Amino acid sequence: MNSGARTEIAAARRWVIKVGSALLTNDGRGLDSAMIGSLVAQVAALRAGGAEVVLVSSGAVAAGIVRLGWPRRPSQLHELQAAAAVGQSALIQSYETAFRGYDIASAQILLGHDDITARDRYLNARGTLTTLLRLGVVPIVNENDTVVTDEIRFGDNDTLAALVANLIDADALLLLTDQQGLYEEDPRMNPFAALVEARDVHDVALDAMAGEGGALGRGGMITKLRAARLAARSGTETVIASGRHPDVLAEVAAGVIVGTWLRTGKRPQNARKQWLAGMVQVAGSLELDEGAVRVLRESGRSLLPVGVRAVSGRFQRGDMVSCRCPEGREVARGLVNYGADDTRRIMGQPSAAIEQVLGYQGDEELIHRDNLVLC
């Protein structure tokens with residue numbers, strides 16, 4: 001293998017490292033203390049080289065299932081939350097014990113959807129994480145599974161890791177899994193499938209290569225690809241690699257060609273745009289005409305009512321809505337200035353007609369460009 005080939009990765013100093021549940025629980029047979037010990041030793045070595053590290057760790061639910069003696073993952077939400085509560089304490093205790101051997105303090109951070117979507121809580125989470133890093137502490141982040149509901153969950157820790165990368169302006173995101181990386185074909189079906197060593201994260205050909213996850217973890221390669229694209233909004237480079245590869249952290253951090261590197265290929269967005277991109281709950285959608293799609297993509301201007309052809313959902317002023325092209329593909333998301341009923345009344349109309357149609361003069365824009373993020 002050639003070292004130094006991935007210069008952007010080798011230059012990274014602030015890392016978010018996500019570890020999947022299949023790795024930490026030895027494929028569901030309880031917490032793997034040897035794996036946790038190896039991971040912590042590698043994190044300690046990375047920090048000794050001057051890097052800052054945030055761990056996003058799965059495994060709480062899987063660990064809880066094993067500790068409770070259940071034969072399989074339950075389907076009922078309250079049982080999953082109970083497993084998370086039991087497993088989270090065991091998981092954090094294992095990390096704390098391992099890090100103590102290197103005289104490194106660790107901190108448990110449990111995040112929920114509201115911590116990302118509410119601007120004040122977003123800034124608070126960012127402040128807490130960056131302060132912990134400044135103090136030399138390793139934050140260990142997980143979704144707050146004990147209280148979250150399906151309607152407001154991130155969906156998987158790959159997405160959570162990408163949002164944490166946005167939060168702290170990470171240089172690199174490392175998604176550790178039980179696979180070598182992203183393959184051009186499913187390696188379970190074709191043992192000779194080629195590993196994707198490097199590709200632009202926005203390459204549409206990657207979508208057909210990604211697959212779904214296994215029984216223990218929620219996130220397959222499709223969630224890792226989506227996470228990499230989300231992380232790219234803050235200029236974060238993403239590597240997908242096997243957590244069982246010897247010294248994987250050191251090799252990836254040195255620029256060695258291991259796993260799959262998904263390059264950003266674009267400048268980072270500002271903090272407000274990153275926050276908007278992290279809002280995973282959408283209250284409705286707007287169908288745009290081709291002219292409006294072109295203006296958003298090429299000119300970066302605001303969305304006006306005249307460019308909207310159809311409205312779906314029952315959203316309120318200030319809600320996040322999805323903007324879609326005539327073929328149904330999402331092109332942007334943004335905070336809407338009018339509720340659904342008023343939007344239906346003014347869609348297709350010039351801004352000058354808003355007062356006459358609604359009986360009051362509101363904003364000229366349906367979505368202002370500062371509250372709009374392209375997908």
# chains A, B, ... in the order shown; residues from 1 in each chain; ligands from 1
>>> select_by_dssp(residues="segment 109-261 of chain A", states="alpha helix (DSSP H)", output="ChimeraX atom specification")
/A:114-117,119-134,157-168,205-209,221-231,248-253
>>> residues_around(residues="segment 345-358 of chain A", least_positions_apart="2", cutoff="8 Å", atoms="only C-alpha atoms", output="compact mmCIF listing (two decimals) with N, CA, C and O atoms, in the first residue's frame")
# COMPACT_ATOMS: atom_id res chain seq x y z
N LEU A 304 -39.27 32.09 -5.09
CA LEU A 304 -40.44 32.95 -5.13
C LEU A 304 -41.71 32.12 -5.38
O LEU A 304 -41.63 31.03 -5.96
N PRO A 305 -42.87 32.61 -4.96
CA PRO A 305 -44.11 31.85 -5.16
C PRO A 305 -44.38 31.50 -6.62
O PRO A 305 -44.96 30.44 -6.90
N VAL A 306 -43.96 32.34 -7.54
CA VAL A 306 -44.26 32.13 -8.95
C VAL A 306 -43.68 30.83 -9.48
O VAL A 306 -44.18 30.27 -10.47
N GLY A 307 -42.62 30.32 -8.83
CA GLY A 307 -41.97 29.10 -9.32
C GLY A 307 -42.53 27.82 -8.77
O GLY A 307 -42.03 26.73 -9.07
N VAL A 308 -43.62 27.90 -7.96
CA VAL A 308 -44.18 26.71 -7.32
C VAL A 308 -45.43 26.25 -8.07
O VAL A 308 -46.32 27.04 -8.36
N ARG A 309 -45.50 24.94 -8.36
CA ARG A 309 -46.62 24.37 -9.11
C ARG A 309 -47.58 23.57 -8.23
O ARG A 309 -48.75 23.43 -8.56
N ALA A 310 -47.10 23.01 -7.14
CA ALA A 310 -47.96 22.20 -6.28
C ALA A 310 -47.41 22.20 -4.86
O ALA A 310 -46.21 22.40 -4.64
N ASP A 341 -51.60 26.51 3.68
CA ASP A 341 -52.80 27.06 3.05
C ASP A 341 -52.50 28.34 2.28
O ASP A 341 -52.94 28.50 1.13
N ASP A 342 -51.73 29.24 2.88
CA ASP A 342 -51.37 30.48 2.18
C ASP A 342 -50.45 30.20 1.00
O ASP A 342 -50.54 30.87 -0.04
N THR A 343 -49.58 29.21 1.14
CA THR A 343 -48.69 28.87 0.03
C THR A 343 -49.48 28.38 -1.17
O THR A 343 -49.18 28.73 -2.32
N TYR A 360 -52.84 40.65 3.06
CA TYR A 360 -51.76 41.29 3.83
C TYR A 360 -50.46 41.14 3.05
O TYR A 360 -50.31 40.24 2.22
N GLN A 361 -49.49 42.02 3.31
CA GLN A 361 -48.21 41.97 2.61
C GLN A 361 -47.19 41.25 3.48
O GLN A 361 -46.75 41.76 4.51
N GLY A 362 -46.87 40.03 3.09
CA GLY A 362 -45.84 39.27 3.79
C GLY A 362 -44.51 39.37 3.07
O GLY A 362 -44.23 40.33 2.35
N GLU A 364 -41.63 38.75 0.33
CA GLU A 364 -41.64 38.57 -1.12
C GLU A 364 -41.23 37.15 -1.50
O GLU A 364 -41.70 36.62 -2.50
N GLU A 365 -40.36 36.56 -0.68
CA GLU A 365 -39.85 35.23 -0.99
C GLU A 365 -40.66 34.17 -0.25
O GLU A 365 -41.04 34.35 0.89
>>> atom_distance(atom1="atom CA of Val204 of chain A", atom2="atom CA of Thr177 of chain A")
22.4 Å
>>> closest_residue(among="A:Asp207, A:Asp115, A:Glu143, A:Glu8", to="Glu185 of chain A", atoms="only C-alpha atoms")
A:Asp207
>>> select_by_dssp(residues="segment 101-255 of chain A", states="strand (DSSP E)", output="count of residues only")
27
>>> closest_residue(among="A:Val295, A:Leu55, A:Ala83, A:Leu195", to="Leu129 of chain A", atoms="only C-alpha atoms")
A:Leu55
>>> closest_atom_pairs(of="segment 124-207 of chain A", to="segment 18-21 of chain A", cutoff="12 Å", atoms="only C-alpha atoms", output="JSON lines")
{"residue": "A:Pro139", "atom": "CA", "partner": "A:Lys18", "partner_atom": "CA", "distance": 11.8}
{"residue": "A:Ile140", "atom": "CA", "partner": "A:Lys18", "partner_atom": "CA", "distance": 9.7}
{"residue": "A:Val141", "atom": "CA", "partner": "A:Lys18", "partner_atom": "CA", "distance": 9.1}
{"residue": "A:Asn142", "atom": "CA", "partner": "A:Lys18", "partner_atom": "CA", "distance": 9.7}
{"residue": "A:Asp156", "atom": "CA", "partner": "A:Gly20", "partner_atom": "CA", "distance": 9.9}
{"residue": "A:Asn157", "atom": "CA", "partner": "A:Lys18", "partner_atom": "CA", "distance": 7.5}
{"residue": "A:Asp158", "atom": "CA", "partner": "A:Lys18", "partner_atom": "CA", "distance": 7.0}
{"residue": "A:Thr159", "atom": "CA", "partner": "A:Lys18", "partner_atom": "CA", "distance": 10.0}
{"residue": "A:Leu160", "atom": "CA", "partner": "A:Lys18", "partner_atom": "CA", "distance": 9.0}
{"residue": "A:Ala161", "atom": "CA", "partner": "A:Lys18", "partner_atom": "CA", "distance": 6.2}
{"residue": "A:Ala162", "atom": "CA", "partner": "A:Lys18", "partner_atom": "CA", "distance": 9.2}
{"residue": "A:Leu163", "atom": "CA", "partner": "A:Lys18", "partner_atom": "CA", "distance": 11.6}
{"residue": "A:Val164", "atom": "CA", "partner": "A:Lys18", "partner_atom": "CA", "distance": 10.2}
{"residue": "A:Ala165", "atom": "CA", "partner": "A:Lys18", "partner_atom": "CA", "distance": 10.5}
{"residue": "A:Ala172", "atom": "CA", "partner": "A:Lys18", "partner_atom": "CA", "distance": 11.1}
{"residue": "A:Leu173", "atom": "CA", "partner": "A:Lys18", "partner_atom": "CA", "distance": 7.7}
{"residue": "A:Leu174", "atom": "CA", "partner": "A:Lys18", "partner_atom": "CA", "distance": 6.2}
{"residue": "A:Leu175", "atom": "CA", "partner": "A:Lys18", "partner_atom": "CA", "distance": 4.9}
{"residue": "A:Leu176", "atom": "CA", "partner": "A:Val19", "partner_atom": "CA", "distance": 5.0}
{"residue": "A:Thr177", "atom": "CA", "partner": "A:Gly20", "partner_atom": "CA", "distance": 5.5}
{"residue": "A:Asp178", "atom": "CA", "partner": "A:Gly20", "partner_atom": "CA", "distance": 7.8}
{"residue": "A:Gln179", "atom": "CA", "partner": "A:Gly20", "partner_atom": "CA", "distance": 10.5}
>>> write_last_selection(atoms="N, CA and C atoms", output="PDB file, in the first residue's frame")
ATOM      1  N   PRO A 139     -15.029  13.009  23.728  1.00  0.00           N
ATOM      2  CA  PRO A 139     -16.485  12.851  23.818  1.00  0.00           C
ATOM      3  C   PRO A 139     -16.915  11.548  23.146  1.00  0.00           C
ATOM      4  N   ILE A 140     -17.814  10.816  23.811  1.00  0.00           N
ATOM      5  CA  ILE A 140     -18.380   9.594  23.243  1.00  0.00           C
ATOM      6  C   ILE A 140     -19.863   9.861  23.023  1.00  0.00           C
ATOM      7  N   VAL A 141     -20.264   9.936  21.763  1.00  0.00           N
ATOM      8  CA  VAL A 141     -21.597  10.393  21.386  1.00  0.00           C
ATOM      9  C   VAL A 141     -22.455   9.212  20.949  1.00  0.00           C
ATOM     10  N   ASN A 142     -23.715   9.247  21.360  1.00  0.00           N
ATOM     11  CA  ASN A 142     -24.692   8.282  20.882  1.00  0.00           C
ATOM     12  C   ASN A 142     -26.037   8.978  20.816  1.00  0.00           C
ATOM     13  N   ASP A 156     -29.988   6.428  12.287  1.00  0.00           N
ATOM     14  CA  ASP A 156     -28.801   5.587  12.390  1.00  0.00           C
ATOM     15  C   ASP A 156     -27.653   6.457  12.857  1.00  0.00           C
ATOM     16  N   ASN A 157     -26.615   5.810  13.391  1.00  0.00           N
ATOM     17  CA  ASN A 157     -25.488   6.569  13.916  1.00  0.00           C
ATOM     18  C   ASN A 157     -24.541   7.053  12.830  1.00  0.00           C
ATOM     19  N   ASP A 158     -24.667   6.555  11.603  1.00  0.00           N
ATOM     20  CA  ASP A 158     -23.904   7.133  10.496  1.00  0.00           C
ATOM     21  C   ASP A 158     -24.344   8.576  10.278  1.00  0.00           C
ATOM     22  N   THR A 159     -25.668   8.785  10.248  1.00  0.00           N
ATOM     23  CA  THR A 159     -26.198  10.141  10.103  1.00  0.00           C
ATOM     24  C   THR A 159     -25.798  11.004  11.283  1.00  0.00           C
ATOM     25  N   LEU A 160     -25.912  10.455  12.491  1.00  0.00           N
ATOM     26  CA  LEU A 160     -25.521  11.206  13.680  1.00  0.00           C
ATOM     27  C   LEU A 160     -24.051  11.611  13.613  1.00  0.00           C
ATOM     28  N   ALA A 161     -23.184  10.704  13.168  1.00  0.00           N
ATOM     29  CA  ALA A 161     -21.757  11.012  13.063  1.00  0.00           C
ATOM     30  C   ALA A 161     -21.513  12.147  12.070  1.00  0.00           C
ATOM     31  N   ALA A 162     -22.244  12.142  10.965  1.00  0.00           N
ATOM     32  CA  ALA A 162     -22.098  13.214   9.974  1.00  0.00           C
ATOM     33  C   ALA A 162     -22.543  14.544  10.552  1.00  0.00           C
ATOM     34  N   LEU A 163     -23.635  14.542  11.313  1.00  0.00           N
ATOM     35  CA  LEU A 163     -24.113  15.777  11.929  1.00  0.00           C
ATOM     36  C   LEU A 163     -23.134  16.278  12.985  1.00  0.00           C
ATOM     37  N   VAL A 164     -22.503  15.370  13.709  1.00  0.00           N
ATOM     38  CA  VAL A 164     -21.472  15.767  14.671  1.00  0.00           C
ATOM     39  C   VAL A 164     -20.280  16.372  13.923  1.00  0.00           C
ATOM     40  N   ALA A 165     -19.932  15.798  12.777  1.00  0.00           N
ATOM     41  CA  ALA A 165     -18.856  16.369  11.959  1.00  0.00           C
ATOM     42  C   ALA A 165     -19.203  17.793  11.535  1.00  0.00           C
ATOM     43  N   ALA A 172     -12.140  15.207   9.131  1.00  0.00           N
ATOM     44  CA  ALA A 172     -12.333  13.864   8.581  1.00  0.00           C
ATOM     45  C   ALA A 172     -13.344  13.083   9.408  1.00  0.00           C
ATOM     46  N   LEU A 173     -14.116  12.259   8.702  1.00  0.00           N
ATOM     47  CA  LEU A 173     -15.077  11.338   9.309  1.00  0.00           C
ATOM     48  C   LEU A 173     -14.670   9.930   8.923  1.00  0.00           C
ATOM     49  N   LEU A 174     -14.452   9.073   9.916  1.00  0.00           N
ATOM     50  CA  LEU A 174     -14.085   7.683   9.666  1.00  0.00           C
ATOM     51  C   LEU A 174     -15.229   6.799  10.142  1.00  0.00           C
ATOM     52  N   LEU A 175     -15.838   6.081   9.202  1.00  0.00           N
ATOM     53  CA  LEU A 175     -16.941   5.182   9.505  1.00  0.00           C
ATOM     54  C   LEU A 175     -16.388   3.760   9.563  1.00  0.00           C
ATOM     55  N   LEU A 176     -16.251   3.231  10.777  1.00  0.00           N
ATOM     56  CA  LEU A 176     -15.704   1.889  10.952  1.00  0.00           C
ATOM     57  C   LEU A 176     -16.837   0.876  10.931  1.00  0.00           C
ATOM     58  N   THR A 177     -16.666  -0.150  10.133  1.00  0.00           N
ATOM     59  CA  THR A 177     -17.698  -1.158   9.941  1.00  0.00           C
ATOM     60  C   THR A 177     -17.049  -2.531   9.934  1.00  0.00           C
ATOM     61  N   ASP A 178     -17.842  -3.571   9.658  1.00  0.00           N
ATOM     62  CA  ASP A 178     -17.274  -4.915   9.556  1.00  0.00           C
ATOM     63  C   ASP A 178     -16.967  -5.282   8.111  1.00  0.00           C
ATOM     64  N   GLN A 179     -17.072  -4.311   7.210  1.00  0.00           N
ATOM     65  CA  GLN A 179     -16.717  -4.500   5.803  1.00  0.00           C
ATOM     66  C   GLN A 179     -15.435  -3.727   5.486  1.00  0.00           C
TER      67      GLN A 179
END
>>> atom_distance(atom1="atom CA of Thr260 of chain A", atom2="atom CA of Arg226 of chain A")
14.1 Å
>>> atom_distance(atom1="atom CA of Leu23 of chain A", atom2="atom CA of Ser57 of chain A")
10.2 Å
>>> closest_residue(among="A:Leu182, A:Leu225, A:Ala41, A:Ala283", to="Ala241 of chain A", atoms="only C-alpha atoms")
A:Leu182
>>> closest_residue(among="A:Leu132, A:Ala194, A:Ile116, A:Ile36", to="Gln93 of chain A", atoms="only C-alpha atoms")
A:Ile36
